[in-house]
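Text of structure.cif, listed as mmCIF, C-alpha atoms and all ligand atoms:
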data_entry
#
loop_
_atom_site.group_PDB
_atom_site.id
_atom_site.type_symbol
_atom_site.label_atom_id
_atom_site.label_comp_id
_atom_site.auth_asym_id
_atom_site.auth_seq_id
_atom_site.Cartn_x
_atom_site.Cartn_y
_atom_site.Cartn_z
ATOM 1 C CA MET A 1 1.386 2.418 40.276
ATOM 2 C CA ALA A 2 3.841 0.092 38.591
ATOM 3 C CA GLN A 3 7.305 1.439 37.996
ATOM 4 C CA VAL A 4 8.527 0.785 34.477
ATOM 5 C CA ASP A 5 12.069 1.555 33.493
ATOM 6 C CA PHE A 6 12.157 1.051 29.740
ATOM 7 C CA ALA A 7 15.873 1.959 29.507
ATOM 8 C CA GLU A 8 16.826 -0.676 32.104
ATOM 9 C CA ARG A 9 14.057 -2.957 30.825
ATOM 10 C CA GLN A 10 12.655 -3.474 34.287
ATOM 11 C CA LEU A 11 9.099 -3.515 35.610
ATOM 12 C CA THR A 12 8.278 -3.366 39.313
ATOM 13 C CA LEU A 13 4.821 -4.361 40.541
ATOM 14 C CA LYS A 14 3.243 -4.247 43.969
ATOM 15 C CA PHE A 15 0.534 -6.675 45.069
ATOM 16 C CA VAL A 16 -1.240 -6.573 48.420
ATOM 17 C CA TYR A 17 -3.075 -9.318 50.327
ATOM 18 C CA TYR A 18 -5.915 -7.686 52.246
ATOM 19 C CA GLY A 19 -8.755 -9.058 54.375
ATOM 20 C CA PRO A 20 -10.276 -9.510 57.820
ATOM 21 C CA PRO A 21 -8.216 -10.527 60.859
ATOM 22 C CA LEU A 22 -6.866 -14.099 60.789
ATOM 23 C CA SER A 23 -8.297 -14.951 57.356
ATOM 24 C CA GLY A 24 -4.959 -16.387 56.220
ATOM 25 C CA LYS A 25 -3.109 -13.556 54.469
ATOM 26 C CA THR A 26 0.255 -14.393 56.004
ATOM 27 C CA SER A 27 -0.394 -18.102 55.371
ATOM 28 C CA ASN A 28 -0.889 -17.289 51.666
ATOM 29 C CA LEU A 29 2.450 -15.502 51.558
ATOM 30 C CA ARG A 30 4.235 -18.355 53.323
ATOM 31 C CA ALA A 31 2.823 -20.881 50.855
ATOM 32 C CA LEU A 32 3.733 -18.647 47.929
ATOM 33 C CA HIS A 33 7.267 -18.394 49.259
ATOM 34 C CA ASP A 34 7.501 -22.190 49.396
ATOM 35 C CA ASN A 35 6.444 -22.391 45.747
ATOM 36 C CA VAL A 36 8.749 -19.839 44.178
ATOM 37 C CA ASP A 37 12.103 -21.116 42.942
ATOM 38 C CA LYS A 38 14.833 -20.199 45.419
ATOM 39 C CA LEU A 39 16.694 -18.231 42.790
ATOM 40 C CA ASN A 40 13.703 -16.068 42.078
ATOM 41 C CA ARG A 41 12.760 -14.852 45.492
ATOM 42 C CA GLY A 42 14.092 -12.612 48.194
ATOM 43 C CA ARG A 43 13.809 -13.220 51.892
ATOM 44 C CA LEU A 44 10.273 -13.534 53.266
ATOM 45 C CA MET A 45 9.975 -10.772 55.808
ATOM 46 C CA THR A 46 7.303 -11.187 58.451
ATOM 47 C CA LEU A 47 6.766 -9.166 61.583
ATOM 48 C CA ASP A 48 4.489 -10.958 64.004
ATOM 49 C CA THR A 49 3.613 -10.570 67.620
ATOM 50 C CA ARG A 50 4.068 -13.680 69.723
ATOM 51 C CA ASP A 51 0.555 -14.930 68.932
ATOM 52 C CA ASP A 52 1.156 -14.855 65.151
ATOM 53 C CA ARG A 53 -0.808 -11.687 64.454
ATOM 54 C CA THR A 54 0.783 -9.491 61.812
ATOM 55 C CA LEU A 55 1.993 -6.349 63.525
ATOM 56 C CA PHE A 56 3.097 -4.269 60.581
ATOM 57 C CA PHE A 57 3.218 -6.161 57.283
ATOM 58 C CA ASP A 58 4.814 -9.124 55.518
ATOM 59 C CA LEU A 59 6.806 -8.819 52.309
ATOM 60 C CA LEU A 60 7.928 -11.376 49.739
ATOM 61 C CA PRO A 61 9.940 -10.080 46.782
ATOM 62 C CA ILE A 62 9.776 -12.200 43.623
ATOM 63 C CA PHE A 63 11.938 -11.508 40.593
ATOM 64 C CA PHE A 64 12.330 -13.131 37.216
ATOM 65 C CA ARG A 65 13.339 -12.454 33.667
ATOM 66 C CA ALA A 66 10.941 -12.988 30.789
ATOM 67 C CA GLY A 67 12.222 -15.204 28.002
ATOM 68 C CA SER A 68 14.125 -13.751 25.126
ATOM 69 C CA THR A 69 13.090 -10.141 25.714
ATOM 70 C CA ALA A 70 15.606 -9.663 28.554
ATOM 71 C CA PHE A 71 12.896 -7.795 30.400
ATOM 72 C CA SER A 72 13.100 -8.264 34.138
ATOM 73 C CA PHE A 73 10.258 -8.210 36.614
ATOM 74 C CA ARG A 74 10.145 -7.549 40.309
ATOM 75 C CA ILE A 75 6.913 -8.278 42.127
ATOM 76 C CA LYS A 76 6.702 -7.133 45.720
ATOM 77 C CA VAL A 77 3.971 -9.042 47.517
ATOM 78 C CA TYR A 78 2.719 -7.562 50.804
ATOM 79 C CA THR A 79 0.141 -8.520 53.399
ATOM 80 C CA VAL A 80 -1.627 -6.038 55.618
ATOM 81 C CA PRO A 81 -2.491 -6.679 59.269
ATOM 82 C CA GLY A 82 -6.213 -7.471 59.556
ATOM 83 C CA GLN A 83 -6.895 -6.202 63.057
ATOM 84 C CA PRO A 84 -8.965 -2.978 63.035
ATOM 85 C CA VAL A 85 -6.394 -1.195 65.197
ATOM 86 C CA HIS A 86 -3.845 -1.294 62.336
ATOM 87 C CA GLU A 87 -5.854 0.910 59.971
ATOM 88 C CA ALA A 88 -3.041 3.420 59.409
ATOM 89 C CA THR A 89 -0.638 0.623 58.443
ATOM 90 C CA ARG A 90 -3.137 -0.837 55.966
ATOM 91 C CA LYS A 91 -3.407 2.469 54.176
ATOM 92 C CA VAL A 92 0.366 2.873 53.940
ATOM 93 C CA VAL A 93 0.855 -0.664 52.619
ATOM 94 C CA LEU A 94 -1.938 -0.266 50.062
ATOM 95 C CA THR A 95 -0.432 2.928 48.636
ATOM 96 C CA GLY A 96 0.821 2.464 45.083
ATOM 97 C CA SER A 97 -0.413 -1.101 44.712
ATOM 98 C CA ASP A 98 -1.156 -2.634 41.302
ATOM 99 C CA GLY A 99 -3.548 -5.331 42.473
ATOM 100 C CA VAL A 100 -5.151 -6.854 45.549
ATOM 101 C CA VAL A 101 -5.979 -10.372 46.677
ATOM 102 C CA PHE A 102 -8.840 -10.103 49.145
ATOM 103 C CA VAL A 103 -8.532 -13.120 51.440
ATOM 104 C CA ALA A 104 -11.989 -13.835 52.863
ATOM 105 C CA ASP A 105 -12.594 -16.339 55.662
ATOM 106 C CA SER A 106 -14.933 -19.213 54.694
ATOM 107 C CA HIS A 107 -16.179 -19.758 58.254
ATOM 108 C CA PRO A 108 -19.861 -18.736 58.434
ATOM 109 C CA ASP A 109 -19.168 -16.722 61.611
ATOM 110 C CA GLN A 110 -16.823 -14.493 59.639
ATOM 111 C CA ARG A 111 -19.344 -13.158 57.144
ATOM 112 C CA ALA A 112 -19.718 -9.804 58.883
ATOM 113 C CA ASN A 113 -15.953 -9.484 59.346
ATOM 114 C CA ASN A 114 -15.414 -10.222 55.660
ATOM 115 C CA ARG A 115 -17.886 -7.511 54.758
ATOM 116 C CA ALA A 116 -16.334 -4.982 57.161
ATOM 117 C CA ALA A 117 -12.870 -5.634 55.730
ATOM 118 C CA TRP A 118 -14.224 -5.349 52.182
ATOM 119 C CA ASP A 119 -15.836 -1.986 52.957
ATOM 120 C CA ASN A 120 -12.587 -0.887 54.547
ATOM 121 C CA LEU A 121 -10.654 -1.915 51.427
ATOM 122 C CA VAL A 122 -13.029 -0.147 49.059
ATOM 123 C CA GLY A 123 -12.873 3.019 51.175
ATOM 124 C CA ASN A 124 -9.084 3.002 51.274
ATOM 125 C CA LEU A 125 -8.742 2.322 47.545
ATOM 126 C CA ALA A 126 -11.018 5.272 46.818
ATOM 127 C CA THR A 127 -9.002 7.543 49.114
ATOM 128 C CA LEU A 128 -5.810 6.484 47.356
ATOM 129 C CA GLY A 129 -7.283 6.845 43.853
ATOM 130 C CA LEU A 130 -6.851 3.112 43.230
ATOM 131 C CA GLN A 131 -10.512 2.144 42.765
ATOM 132 C CA HIS A 132 -9.855 0.563 39.349
ATOM 133 C CA ILE A 133 -7.008 -1.817 40.176
ATOM 134 C CA PRO A 134 -7.828 -5.531 39.869
ATOM 135 C CA ILE A 135 -9.070 -7.359 42.958
ATOM 136 C CA ILE A 136 -9.211 -11.140 43.212
ATOM 137 C CA VAL A 137 -11.472 -12.499 45.950
ATOM 138 C CA GLN A 138 -10.149 -15.698 47.479
ATOM 139 C CA TYR A 139 -12.227 -17.720 49.939
ATOM 140 C CA ASN A 140 -9.671 -19.348 52.227
ATOM 141 C CA LYS A 141 -10.054 -22.166 54.789
ATOM 142 C CA ARG A 142 -12.040 -24.336 52.376
ATOM 143 C CA ASP A 143 -10.853 -27.313 54.441
ATOM 144 C CA LEU A 144 -13.179 -26.355 57.321
ATOM 145 C CA PRO A 145 -16.132 -28.768 57.422
ATOM 146 C CA GLU A 146 -18.449 -25.848 58.209
ATOM 147 C CA ALA A 147 -17.112 -23.658 55.360
ATOM 148 C CA THR A 148 -19.871 -21.679 53.648
ATOM 149 C CA PRO A 149 -20.651 -23.387 50.289
ATOM 150 C CA LEU A 150 -19.212 -21.340 47.444
ATOM 151 C CA PRO A 151 -22.578 -20.387 45.873
ATOM 152 C CA ASP A 152 -23.631 -18.883 49.232
ATOM 153 C CA CYS A 153 -20.447 -16.858 49.727
ATOM 154 C CA ASP A 154 -20.665 -13.068 49.674
ATOM 155 C CA ARG A 155 -19.567 -11.753 46.257
ATOM 156 C CA PHE A 156 -19.390 -8.195 47.512
ATOM 157 C CA GLY A 157 -21.930 -6.599 45.241
ATOM 158 C CA GLU A 158 -20.941 -8.368 42.009
ATOM 159 C CA PRO A 159 -23.112 -11.479 41.512
ATOM 160 C CA ASN A 160 -20.879 -12.683 38.667
ATOM 161 C CA ARG A 161 -17.606 -12.160 40.487
ATOM 162 C CA VAL A 162 -15.281 -15.144 40.063
ATOM 163 C CA LEU A 163 -14.060 -16.458 43.408
ATOM 164 C CA THR A 164 -10.907 -18.480 43.981
ATOM 165 C CA GLU A 165 -10.777 -21.136 46.698
ATOM 166 C CA ALA A 166 -7.846 -21.955 48.938
ATOM 167 C CA SER A 167 -6.600 -23.761 51.986
ATOM 168 C CA ALA A 168 -3.574 -21.590 52.459
ATOM 169 C CA LYS A 169 -2.371 -23.431 55.521
ATOM 170 C CA ASP A 170 -1.866 -26.498 53.282
ATOM 171 C CA GLY A 171 -0.688 -24.481 50.282
ATOM 172 C CA VAL A 172 -3.760 -25.353 48.202
ATOM 173 C CA GLY A 173 -5.072 -22.746 45.757
ATOM 174 C CA VAL A 174 -2.431 -20.183 46.691
ATOM 175 C CA VAL A 175 -0.402 -20.188 43.483
ATOM 176 C CA SER A 176 -3.478 -20.175 41.256
ATOM 177 C CA THR A 177 -4.857 -17.130 43.109
ATOM 178 C CA PHE A 178 -1.551 -15.327 42.694
ATOM 179 C CA PHE A 179 -1.452 -16.242 39.033
ATOM 180 C CA GLU A 180 -4.973 -14.945 38.524
ATOM 181 C CA LEU A 181 -4.000 -11.598 40.003
ATOM 182 C CA ALA A 182 -0.785 -11.369 37.988
ATOM 183 C CA SER A 183 -2.716 -11.982 34.754
ATOM 184 C CA ARG A 184 -5.378 -9.434 35.596
ATOM 185 C CA ALA A 185 -2.734 -6.883 36.630
ATOM 186 C CA TRP A 186 -0.930 -7.286 33.309
ATOM 187 C CA MET A 187 -4.142 -6.611 31.401
ATOM 188 C CA TYR A 188 -4.897 -3.605 33.598
ATOM 189 C CA LEU A 189 -1.418 -2.104 33.241
ATOM 190 C CA ASP A 190 -1.252 -2.852 29.549
ATOM 191 C CA THR A 191 -4.235 -0.584 29.024
ATOM 192 C CA GLY A 192 -2.623 2.319 30.871
ATOM 193 C CA LEU A 193 1.052 1.839 30.060
ATOM 194 C CA LYS A 194 0.928 0.080 26.689
ATOM 195 C CA LEU A 195 3.191 -2.615 28.068
ATOM 196 C CA THR A 196 2.880 -5.018 25.159
ATOM 197 C CA GLU A 197 3.696 -2.306 22.658
ATOM 198 C CA ARG A 198 6.657 -0.974 24.637
ATOM 199 C CA THR A 199 8.192 -4.184 25.977
ATOM 200 C CA GLY A 200 7.550 -6.550 23.102
ATOM 201 C CA LEU A 201 6.072 -8.926 25.659
ATOM 202 C CA ASP A 202 2.437 -9.933 25.590
ATOM 203 C CA ALA A 203 0.075 -11.290 28.224
ATOM 204 C CA VAL A 204 0.769 -14.892 27.187
ATOM 205 C CA SER A 205 4.539 -14.617 27.559
ATOM 206 C CA PHE A 206 4.162 -12.748 30.852
ATOM 207 C CA ARG A 207 1.987 -15.585 32.161
ATOM 208 C CA LYS A 208 4.483 -18.123 30.915
ATOM 209 C CA ALA A 209 7.399 -16.317 32.565
ATOM 210 C CA ILE A 210 5.589 -16.413 35.902
ATOM 211 C CA ALA A 211 4.560 -20.029 35.444
ATOM 212 C CA ASP A 212 8.201 -20.940 34.758
ATOM 213 C CA HIS A 213 9.343 -19.468 38.061
ATOM 214 C CA VAL A 214 6.493 -19.708 40.516
ATOM 215 C CA GLY A 215 6.706 -23.411 41.157
ATOM 216 C CA GLU A 216 5.510 -26.492 39.389
ATOM 217 C CA GLN A 217 2.316 -26.633 41.398
ATOM 218 C CA LEU A 218 0.815 -24.251 38.897
ATOM 219 C CA ALA A 219 0.698 -26.854 36.204
ATOM 220 C CA LYS A 220 -1.317 -29.113 38.483
ATOM 221 C CA GLU A 221 -3.906 -26.582 39.592
HETATM 222 N N1 LIG B 1 -8.345 -24.325 58.786
HETATM 223 C C1 LIG B 1 -7.558 -23.428 58.202
HETATM 224 N N2 LIG B 1 -6.880 -22.545 58.945
HETATM 225 C C2 LIG B 1 -6.101 -21.635 58.313
HETATM 226 C C3 LIG B 1 -5.964 -21.612 56.912
HETATM 227 N N3 LIG B 1 -5.130 -20.600 56.581
HETATM 228 C C4 LIG B 1 -4.744 -20.028 57.734
HETATM 229 N N4 LIG B 1 -5.315 -20.643 58.790
HETATM 230 C C5 LIG B 1 -5.133 -20.352 60.218
HETATM 231 O O1 LIG B 1 -5.693 -19.089 60.531
HETATM 232 C C6 LIG B 1 -4.878 -18.422 61.493
HETATM 233 C C7 LIG B 1 -4.477 -17.058 60.969
HETATM 234 O O2 LIG B 1 -3.633 -17.216 59.849
HETATM 235 P P1 LIG B 1 -2.723 -15.997 59.326
HETATM 236 O O3 LIG B 1 -2.181 -16.397 58.004
HETATM 237 O O4 LIG B 1 -1.746 -15.582 60.361
HETATM 238 O O5 LIG B 1 -3.836 -14.865 59.167
HETATM 239 P P2 LIG B 1 -3.673 -13.342 58.788
HETATM 240 O O6 LIG B 1 -4.769 -13.035 57.854
HETATM 241 O O7 LIG B 1 -2.289 -13.051 58.316
HETATM 242 O O8 LIG B 1 -3.927 -12.614 60.218
HETATM 243 P P3 LIG B 1 -3.584 -11.082 60.632
HETATM 244 O O9 LIG B 1 -2.205 -10.813 60.164
HETATM 245 O O10 LIG B 1 -3.717 -11.015 62.118
HETATM 246 O O11 LIG B 1 -4.598 -10.229 59.953
HETATM 247 C C8 LIG B 1 -3.689 -19.335 61.781
HETATM 248 O O12 LIG B 1 -3.982 -20.068 62.955
HETATM 249 C C9 LIG B 1 -3.654 -20.226 60.564
HETATM 250 O O13 LIG B 1 -3.088 -21.489 60.825
HETATM 251 C C10 LIG B 1 -6.684 -22.572 56.134
HETATM 252 O O14 LIG B 1 -6.624 -22.647 54.914
HETATM 253 N N5 LIG B 1 -7.465 -23.452 56.843
HETATM 254 MG MG MG B 2 -0.891 -11.726 58.910
#
Represent the structure from my file as structure tokens, please.
Amino acid sequence: MAQVDFAERQLTLKFVYYGPPLSGKTSNLRALHDNVDKLNRGRLMTLDTRDDRTLFFDLLPIFFRAGSTAFSFRIKVYTVPGQPVHEATRKVVLTGSDGVVFVADSHPDQRANNRAAWDNLVGNLATLGLQHIPIIVQYNKRDLPEATPLPDCDRFGEPNRVLTEASAKDGVGVVSTFFELASRAWMYLDTGLKLTERTGLDAVSFRKAIADHVGEQLAKE
């Protein structure tokens, strides 16, 4: 759960990128890193094996101050390793998260893997008592000619679920997905923590503060 320090006027959030093996979680984080102003990000930490598979997790810290309120935000963005063998790591990384981007693979062959990873996510969220946190489903690898058309993509039990589209390897759709999650997380936390009431900052100014710092690409998407 988010850590709010009202005396220090600081809010710390944790977001996790989850999904099947090789769907592009680390690629999302790399592209996000490239889009955040240098002054507003920490070092991108990745721990890969030689063949680029995430071994433990990746972490990108983002920090910014919101306008005139002098409230400061820290968003820690993690990825989990997708390979089934890393189940214990996934659970540890997911602990205490405030929102998830589920990165699904658009290749038709990956439908069953997407579903398995989704079931795994839902199971782990339930175990951790996090079943109500916001989840954004992103279909990545939209650049593949054989990509499943969006209307035919699995919406994981919610026919009206809004999907975001990305080609993370080319940085397309990455910032807008992140932004979507940040907005949803604010609304979710506001309900529980009365953020607007206690910080003097509303959803619109939170969105603006992120937009000011997470790259200009946002304006174009
Ligand atoms: N065509 C295409 N390939 C992509 C895209 N995004 C990532 N890839 C490729 O997919 C492979 C896996 O990408 P990663 O970002 O390492 O995937 P991951 O989800 O972090 O993988 P694990 O950490 O092993 O779970 C790499 O070869 C990427 O270049 C995309 O948008 N389009
Ligand atoms: Mg990875």
Of the candidates A:Asp98, A:Asp52, A:Asp34, A:Asp105, which one gets nearest to ligand MG 2 (chain B) if we count only C-alpha atoms and all ligand atoms?
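Residue with the minimum atom-to-atom distance to ligand MG 2 (chain B): A:Asp52.
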Which one of A:Leu59, A:Leu201, A:Leu130, A:Leu195 sits closest to ligand MG 2 (chain B) if you count all atoms listed in the file?
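Result for the nearest residue to ligand MG 2 (chain B): A:Leu59.
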Kindly work out which residues sit at most 12 Å from ligand MG 2 (chain B), using all atoms listed in the file, and give the list as a ChimeraX atom specification.
/A:16-30,45-49,51-59,78-83,86,90,103
Listed atoms of ligand LIG 1 (chain B) boxed axis-aligned with 4 Å per side, centre + edges as lines of an AutoDock Vina configuration file:
center_x = -5.0
center_y = -17.3
center_z = 58.9
size_x = 14.6
size_y = 22.1
size_z = 16.0
Please return, as a list in words, all polymer residues that have at least one atom within 10 Å of the point (-4.1, -27.3, 51.0); use only C-alpha atoms and the file's own coordinate frame.
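Applying the cut-off with only C-alpha atoms, one gets Ala31, Asn140, Lys141, Arg142, Asp143, Ala166, Ser167, Ala168, Lys169, Asp170, Gly171, Val172, Gly173 and Val174 of chain A.
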For the residues in the current selection, export C-alpha atoms as an mmCIF file, in the frame of the given file.
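Below is the file that was written, result.cif:
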data_model
loop_
_atom_site.group_PDB
_atom_site.id
_atom_site.type_symbol
_atom_site.label_atom_id
_atom_site.label_comp_id
_atom_site.auth_asym_id
_atom_site.auth_seq_id
_atom_site.Cartn_x
_atom_site.Cartn_y
_atom_site.Cartn_z
ATOM 1 C CA ALA A 31 2.823 -20.881 50.855
ATOM 2 C CA ASN A 140 -9.671 -19.348 52.227
ATOM 3 C CA LYS A 141 -10.054 -22.166 54.789
ATOM 4 C CA ARG A 142 -12.040 -24.336 52.376
ATOM 5 C CA ASP A 143 -10.853 -27.313 54.441
ATOM 6 C CA ALA A 166 -7.846 -21.955 48.938
ATOM 7 C CA SER A 167 -6.600 -23.761 51.986
ATOM 8 C CA ALA A 168 -3.574 -21.590 52.459
ATOM 9 C CA LYS A 169 -2.371 -23.431 55.521
ATOM 10 C CA ASP A 170 -1.866 -26.498 53.282
ATOM 11 C CA GLY A 171 -0.688 -24.481 50.282
ATOM 12 C CA VAL A 172 -3.760 -25.353 48.202
ATOM 13 C CA GLY A 173 -5.072 -22.746 45.757
ATOM 14 C CA VAL A 174 -2.431 -20.183 46.691
#
Residue with smallest distance to ligand LIG 1 (chain B) - pool A:Ser106, A:Gln131, A:Thr199, A:Ser205, counting all atoms listed in the file
A:Ser106
List the residues selected by the PyMOL selection byres (((chain A and resi 118) around 12) and not hetatm) in the file shown, writing them as a VMD selection string.
chain A and resid 17 to 21 82 100 to 105 111 to 117 119 to 125 135 to 137 154 to 157
Just the number, please: distance in Å from atom CA of Gln3 of chain A to atom CA of Ile210 of chain A, one decimal.
18.1 Å
Selected residue, from A:Leu39, A:Val85, A:Val93, A:Ala185, that lies nearest to Leu13 of chain A when counting only C-alpha atoms
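That would be A:Ala185, the residue with the smallest distance to Leu13 of chain A.
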For ligand LIG 1 (chain B), which residue among A:Val214, A:Val175, A:Leu189, A:Ala147 is the nearest when counting only C-alpha atoms and all ligand atoms?
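Closest residue, counting only C-alpha atoms and all ligand atoms: A:Ala147.
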Among A:Ala211, A:Cys153, A:Leu144, A:Leu94, ligand LIG 1 (chain B) is approached most closely, using all atoms listed in the file, by A:Leu144
Å distance separating atom CA of Gly192 of chain A from atom CA of Lys76 of chain A, one decimal place
19.9 Å
Residues near Trp186 of chain A, cut-off 9 Å, all atoms listed in the file, skip fewer than 3 positions along chain, as a PDB file with C-alpha atoms, in the frame of the given file:
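So the final result, stored in out-v8.pdb, reads:
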ATOM      1  CA  LEU A 181      -4.000 -11.598  40.003  1.00  0.00           C
ATOM      2  CA  ALA A 182      -0.785 -11.369  37.988  1.00  0.00           C
ATOM      3  CA  SER A 183      -2.716 -11.982  34.754  1.00  0.00           C
ATOM      4  CA  LEU A 189      -1.418  -2.104  33.241  1.00  0.00           C
ATOM      5  CA  ASP A 190      -1.252  -2.852  29.549  1.00  0.00           C
ATOM      6  CA  THR A 191      -4.235  -0.584  29.024  1.00  0.00           C
ATOM      7  CA  LEU A 195       3.191  -2.615  28.068  1.00  0.00           C
ATOM      8  CA  ASP A 202       2.437  -9.933  25.590  1.00  0.00           C
ATOM      9  CA  ALA A 203       0.075 -11.290  28.224  1.00  0.00           C
ATOM     10  CA  PHE A 206       4.162 -12.748  30.852  1.00  0.00           C
ATOM     11  CA  ARG A 207       1.987 -15.585  32.161  1.00  0.00           C
TER      12      ARG A 207
END
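Across the structure, atom CA of Val36 of chain A and atom CA of Phe178 of chain A are spaced 11.3 Å apart.
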What's around Lys38 of chain A at 10 Å? Count all atoms listed in the file, leave out sequence neighbours fewer than 3 positions away in its own chain, and write the answer as a VMD selection string.
chain A and resid 33 to 35 41 to 43 62 213 to 215
For Leu11 of chain A, list every protein, DNA or RNA residue within 8 Å, evaluated using all atoms listed in the file, and leave out those in the same chain fewer than 6 positions away; present the list as a list in words.
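The filter keeps Ala2, Gln3, Val4, Asp5, Phe71, Ser72, Phe73 and Arg74 of chain A.
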